[in-house]
file query-v3.cif (mmCIF, C-alpha atoms)
data_model
#
loop_
_atom_site.label_atom_id
_atom_site.label_comp_id
_atom_site.auth_asym_id
_atom_site.auth_seq_id
_atom_site.Cartn_x
_atom_site.Cartn_y
_atom_site.Cartn_z
CA MET Y 1 -1.23 5.52 13.83
CA ASN Y 2 -1.93 8.22 11.31
CA LEU Y 3 -3.79 7.86 8.01
CA ASP Y 4 -2.71 11.21 6.53
CA TYR Y 5 0.15 9.86 4.40
CA ILE Y 6 -1.85 6.86 3.18
CA SER Y 7 -4.85 9.09 2.43
CA SER Y 8 -2.65 11.47 0.41
CA ILE Y 9 -1.37 8.55 -1.69
CA TYR Y 10 -4.95 7.47 -2.39
CA THR Y 11 -6.09 11.02 -3.20
CA ASN Y 12 -3.18 11.50 -5.61
CA TYR Y 13 -3.99 8.15 -7.23
CA ARG Y 14 -7.58 9.25 -7.80
CA ALA Y 15 -6.37 12.49 -9.43
CA VAL Y 16 -4.07 10.62 -11.82
CA ARG Y 17 -6.72 7.96 -12.52
CA ASP Y 18 -9.19 10.74 -13.38
CA SER Y 19 -6.56 12.31 -15.65
CA ILE Y 20 -6.38 9.02 -17.53
CA LYS Y 21 -10.18 9.10 -17.87
CA VAL Y 22 -9.97 12.62 -19.34
CA THR Y 23 -7.26 11.41 -21.71
CA ARG Y 24 -9.48 8.49 -22.79
CA ARG Y 25 -12.28 10.99 -23.53
CA SER Y 26 -9.94 13.12 -25.61
CA ILE Y 27 -8.95 9.99 -27.55
CA SER Y 28 -12.57 8.89 -28.05
CA ASN Y 29 -13.60 12.36 -29.19
CA GLU Y 30 -10.49 12.64 -31.39
CA ILE Y 31 -9.32 15.90 -29.87
CA SER Y 32 -5.84 15.35 -31.23
CA TRP Y 33 -4.32 18.76 -30.40
CA LEU Y 34 -4.50 17.79 -26.71
CA HIS Y 35 -1.99 15.03 -27.42
CA ASN Y 36 0.75 17.39 -28.65
CA ARG Y 37 4.02 16.92 -26.78
CA THR Y 38 2.79 13.74 -25.05
CA VAL Y 39 3.50 10.04 -25.57
CA PHE Y 40 0.20 9.90 -27.51
CA GLU Y 41 1.25 12.44 -30.15
CA ASP Y 42 2.31 10.07 -32.93
CA LEU Y 43 0.09 7.08 -32.08
CA GLN Y 44 -2.99 5.77 -33.84
CA VAL Y 45 -6.26 6.01 -31.91
CA SER Y 46 -6.28 2.27 -31.12
CA GLU Y 47 -2.68 2.46 -29.86
CA MET Y 48 -3.60 5.41 -27.67
CA GLY Y 49 -6.45 3.44 -26.11
CA HIS Y 50 -4.22 0.45 -25.41
CA LEU Y 51 -1.56 2.68 -23.89
CA ALA Y 52 -4.09 4.44 -21.64
CA ASP Y 53 -5.47 1.07 -20.50
CA SER Y 54 -1.99 -0.26 -19.82
CA ALA Y 55 -1.02 2.89 -17.91
CA ASN Y 56 -4.16 2.64 -15.80
CA LYS Y 57 -3.43 -0.99 -14.87
CA GLU Y 58 0.20 -0.23 -14.06
CA LEU Y 59 -0.87 2.79 -12.00
CA SER Y 60 -3.25 0.61 -9.98
CA ASP Y 61 -0.52 -1.92 -9.22
CA LEU Y 62 1.99 0.76 -8.23
CA ILE Y 63 -0.55 2.44 -5.95
CA VAL Y 64 -1.30 -0.86 -4.21
CA LEU Y 65 2.46 -1.14 -3.66
CA ALA Y 66 2.71 2.45 -2.36
CA LEU Y 67 -0.33 2.16 -0.10
CA PHE Y 68 0.91 -1.06 1.44
CA ALA Y 69 4.44 0.30 1.88
CA GLY Y 70 3.01 3.31 3.72
CA PHE Y 71 0.89 1.02 5.89
CA GLU Y 72 3.85 -1.23 6.64
CA ARG Y 73 5.92 1.79 7.69
CA GLN Y 74 3.08 2.85 10.01
CA LEU Y 75 3.03 -0.60 11.65
CA ARG Y 76 6.78 -0.69 12.17
CA ASP Y 77 6.82 2.87 13.53
CA GLU Y 78 3.96 2.03 15.91
CA ILE Y 79 5.96 -0.87 17.30
CA LEU Y 80 9.12 1.22 17.55
CA ASN Y 81 7.23 3.89 19.48
CA LYS Y 82 6.18 1.22 21.96
CA SER Y 83 9.64 -0.37 22.18
CA SER Y 84 10.98 2.47 24.32
CA LYS Y 85 9.08 0.81 27.19
CA LEU Y 86 11.74 -1.89 26.99
CA GLN Y 87 14.14 0.58 28.60
CA GLU Y 88 12.12 0.20 31.81
CA VAL Y 89 13.14 -3.47 32.08
CA VAL Y 90 15.30 -4.28 35.08
CA PRO Y 91 18.23 -4.54 34.96
CA ALA Y 92 18.49 -1.31 32.97
CA ALA Y 93 21.37 -2.58 30.83
CA LEU Y 94 19.18 -5.43 29.57
CA GLY Y 95 16.28 -3.06 28.85
CA GLU Y 96 18.52 -0.73 26.84
CA ARG Y 97 19.91 -3.63 24.84
CA LEU Y 98 16.43 -5.04 24.16
CA ASP Y 99 15.29 -1.63 22.92
CA MET Y 100 18.38 -1.28 20.70
CA LEU Y 101 17.85 -4.77 19.29
CA ALA Y 102 14.18 -4.08 18.53
CA LYS Y 103 15.11 -0.85 16.73
CA LYS Y 104 17.90 -2.53 14.82
CA GLU Y 105 16.01 -5.68 13.80
CA ILE Y 106 12.44 -4.50 13.20
CA GLU Y 107 13.07 -4.03 9.48
CA ARG Y 108 13.81 -7.76 9.27
CA TRP Y 109 10.59 -8.84 10.95
CA ARG Y 110 8.15 -10.56 8.63
CA THR Y 111 5.26 -8.30 7.74
CA ASP Y 112 2.66 -11.08 8.02
CA GLU Y 113 3.82 -11.71 11.58
CA ILE Y 114 3.63 -8.00 12.37
CA ILE Y 115 0.05 -7.98 11.06
CA ASP Y 116 -0.74 -10.89 13.38
CA LEU Y 117 0.74 -9.02 16.37
CA PHE Y 118 -2.45 -6.99 16.25
CA ASP Y 119 -4.79 -10.00 16.53
CA PHE Y 120 -5.96 -8.69 19.90
CA ALA Y 121 -7.51 -5.65 18.17
CA VAL Y 122 -8.02 -6.41 14.48
CA ASP Y 123 -10.60 -8.83 13.11
CA GLY Y 124 -9.22 -11.99 11.51
CA ASN Y 125 -10.90 -11.27 8.17
CA ILE Y 126 -9.21 -7.90 7.90
CA ARG Y 127 -5.84 -9.38 8.87
CA GLY Y 128 -6.40 -12.09 6.23
CA ARG Y 129 -7.16 -9.48 3.57
CA MET Y 130 -4.05 -7.54 4.60
CA LYS Y 131 -1.96 -10.68 4.10
CA GLN Y 132 -3.47 -11.19 0.63
CA ILE Y 133 -2.65 -7.58 -0.22
CA LEU Y 134 0.88 -8.16 1.14
CA GLU Y 135 1.25 -11.18 -1.15
CA TYR Y 136 0.04 -9.12 -4.13
CA ARG Y 137 2.33 -6.23 -3.18
CA ASN Y 138 5.30 -8.61 -2.98
CA TRP Y 139 4.40 -10.00 -6.41
CA ILE Y 140 4.39 -6.46 -7.86
CA ALA Y 141 7.59 -5.43 -6.07
CA HIS Y 142 9.46 -8.50 -7.30
CA GLY Y 143 8.62 -8.16 -10.98
CA LYS Y 144 5.20 -9.83 -11.40
CA ASN Y 145 6.60 -13.30 -11.97
CA PRO Y 146 3.96 -15.14 -14.05
CA ASP Y 147 5.11 -18.46 -12.55
CA LYS Y 148 4.43 -17.29 -8.98
CA LEU Y 149 1.05 -15.60 -9.10
CA PRO Y 150 -0.41 -14.37 -5.81
CA SER Y 151 -3.55 -16.01 -4.45
CA ALA Y 152 -5.46 -12.77 -5.11
CA LYS Y 153 -5.04 -12.31 -8.87
CA THR Y 154 -5.77 -8.62 -8.62
CA THR Y 155 -6.07 -6.10 -5.84
CA GLU Y 156 -7.58 -2.71 -6.49
CA PRO Y 157 -6.32 0.50 -4.85
CA LYS Y 158 -9.75 1.25 -3.31
CA THR Y 159 -9.92 -2.21 -1.73
CA THR Y 160 -6.36 -1.81 -0.43
CA TYR Y 161 -7.08 1.65 0.95
CA ASP Y 162 -10.35 0.59 2.60
CA THR Y 163 -8.71 -2.46 4.19
CA ILE Y 164 -5.85 -0.35 5.57
CA VAL Y 165 -8.36 2.16 6.97
CA ASP Y 166 -10.33 -0.68 8.58
CA PHE Y 167 -7.16 -2.16 10.11
CA ILE Y 168 -5.96 1.14 11.57
CA THR Y 169 -9.47 2.11 12.73
CA GLN Y 170 -9.83 -1.14 14.65
CA ILE Y 171 -6.50 -0.52 16.39
CA LYS Y 172 -7.55 3.04 17.27
CA ASP Y 173 -10.94 1.84 18.52
CA PHE Y 174 -9.28 -0.82 20.68
CA ASN Y 175 -6.91 1.78 22.16
CA LYS Y 176 -9.88 3.96 23.16
CA ASN Y 177 -11.24 1.18 25.37
#

call {"tool": "encode", "arguments": {"input": "query-v3.cif", "output": "structure tokens"}}
result
Amino acid sequence: MNLDYISSIYTNYRAVRDSIKVTRRSISNEISWLHNRTVFEDLQVSEMGHLADSANKELSDLIVLALFAGFERQLRDEILNKSSKLQEVVPAALGERLDMLAKKEIERWRTDEIIDLFDFAVDGNIRGRMKQILEYRNWIAHGKNPDKLPSAKTTEPKTTYDTIVDFITQIKDFNKN
């Protein structure tokens, strides 16, 4: 599994987050000309601060969603890469059909069950954190229903990124042995 795509999401998040910090400084220091031709242009200073805070929170949630989606794609692709071994099953016709079924149905597999497929290589605490992040990601993706809050009330992008890195690293380390 490859961390390049997930790392690029996290790096881009940090750049945008830092841009919001710079914007907050321009608001605090009342450098109003910097706000020309932006959503801040006609707002009062207090409104600008609230908007920057809101944007930062929304950015964090969307990055958790993006990071987890990239991770989930990596897991499914890893399994699909291994499913070609099913073609070696005898009789060959059965092996081909098993491989086709795996490729066709993998998108329907439950992500928490896919996470648990790796229990032979990944520590239970990390798998548990991944499931909490999954629950949070689902909450974001389905409109942040206030009546169905996730068990983890908030999940930060850095925590999500670090947990994904830990998960993938443990799989890589296991494969080296």

call {"tool": "residues_around", "arguments": {"input": "query-v3.cif", "residues": "stretch 3-7 of chain Y", "least_positions_apart": "4", "cutoff": "10 Å", "atoms": "all atoms listed in the file", "output": "list in words"}}
result
Thr11, Asn12, Tyr13, Ala66, Leu67, Phe68, Ala69, Gly70, Phe71, Gln74, Tyr161, Ile164, Val165, Ile168 and Thr169 of chain Y

call {"tool": "axis_aligned_box", "arguments": {"input": "query-v3.cif", "around": "stretch 19-26 of chain Y", "padding_each_side": "8 Å", "output": "AutoDock Vina command-line options"}}
result
--center_x -9.3 --center_y 10.8 --center_z -20.6 --size_x 21.9 --size_y 20.6 --size_z 26.0

call {"tool": "resolve_selection", "arguments": {"input": "query-v3.cif", "expression": "the PyMOL selection byres ((chain Y and resi 107-122) around 10)", "output": "PyMOL selection string"}}
result
chain Y and resi 72-73+75-76+79+102-106+123-128+130-132+134-135+166-175

call {"tool": "residues_around", "arguments": {"input": "query-v3.cif", "residues": "stretch 46-49 of chain Y", "least_positions_apart": "6", "cutoff": "12 Å", "atoms": "only C-alpha atoms", "output": "list in words"}}
result
Ile20, Lys21, Val22, Thr23, Arg24, Arg25, Ser26, Ile27, Ser28, Asn29, Glu30, Ser32, His35, Thr38, Val39, Phe40, Ala55 and Asn56 of chain Y

call {"tool": "write_last_selection", "arguments": {"input": "query-v3.cif", "atoms": "C-alpha atoms", "output": "mmCIF file, keeping the file's coordinate frame"}}
result
data_model
loop_
_atom_site.group_PDB
_atom_site.id
_atom_site.type_symbol
_atom_site.label_atom_id
_atom_site.label_comp_id
_atom_site.auth_asym_id
_atom_site.auth_seq_id
_atom_site.Cartn_x
_atom_site.Cartn_y
_atom_site.Cartn_z
ATOM 1 C CA ILE Y 20 -6.380 9.020 -17.530
ATOM 2 C CA LYS Y 21 -10.180 9.100 -17.870
ATOM 3 C CA VAL Y 22 -9.970 12.620 -19.340
ATOM 4 C CA THR Y 23 -7.260 11.410 -21.710
ATOM 5 C CA ARG Y 24 -9.480 8.490 -22.790
ATOM 6 C CA ARG Y 25 -12.280 10.990 -23.530
ATOM 7 C CA SER Y 26 -9.940 13.120 -25.610
ATOM 8 C CA ILE Y 27 -8.950 9.990 -27.550
ATOM 9 C CA SER Y 28 -12.570 8.890 -28.050
ATOM 10 C CA ASN Y 29 -13.600 12.360 -29.190
ATOM 11 C CA GLU Y 30 -10.490 12.640 -31.390
ATOM 12 C CA SER Y 32 -5.840 15.350 -31.230
ATOM 13 C CA HIS Y 35 -1.990 15.030 -27.420
ATOM 14 C CA THR Y 38 2.790 13.740 -25.050
ATOM 15 C CA VAL Y 39 3.500 10.040 -25.570
ATOM 16 C CA PHE Y 40 0.200 9.900 -27.510
ATOM 17 C CA ALA Y 55 -1.020 2.890 -17.910
ATOM 18 C CA ASN Y 56 -4.160 2.640 -15.800
#

call {"tool": "resolve_selection", "arguments": {"input": "query-v3.cif", "expression": "the PyMOL selection byres ((chain Y and resi 148-156) around 10)", "output": "list in words"}}
result
Lys57, Ser60, Asp61, Ile63, Val64, Arg129, Gln132, Ile133, Leu134, Glu135, Tyr136, Arg137, Asn138, Trp139, Ile140, Lys144, Asn145, Pro146, Asp147, Pro157, Lys158, Thr159, Thr160 and Tyr161 of chain Y

call {"tool": "residues_around", "arguments": {"input": "query-v3.cif", "residues": "Y:Lys85", "least_positions_apart": "4", "cutoff": "10 Å", "atoms": "all atoms listed in the file", "output": "PyMOL selection string"}}
result
chain Y and resi 80-81+89+95-96+98-99

call {"tool": "atom_distance", "arguments": {"input": "query-v3.cif", "atom1": "atom CA of Y:Asn177", "atom2": "atom CA of Y:Leu86"}}
result
23.2 Å
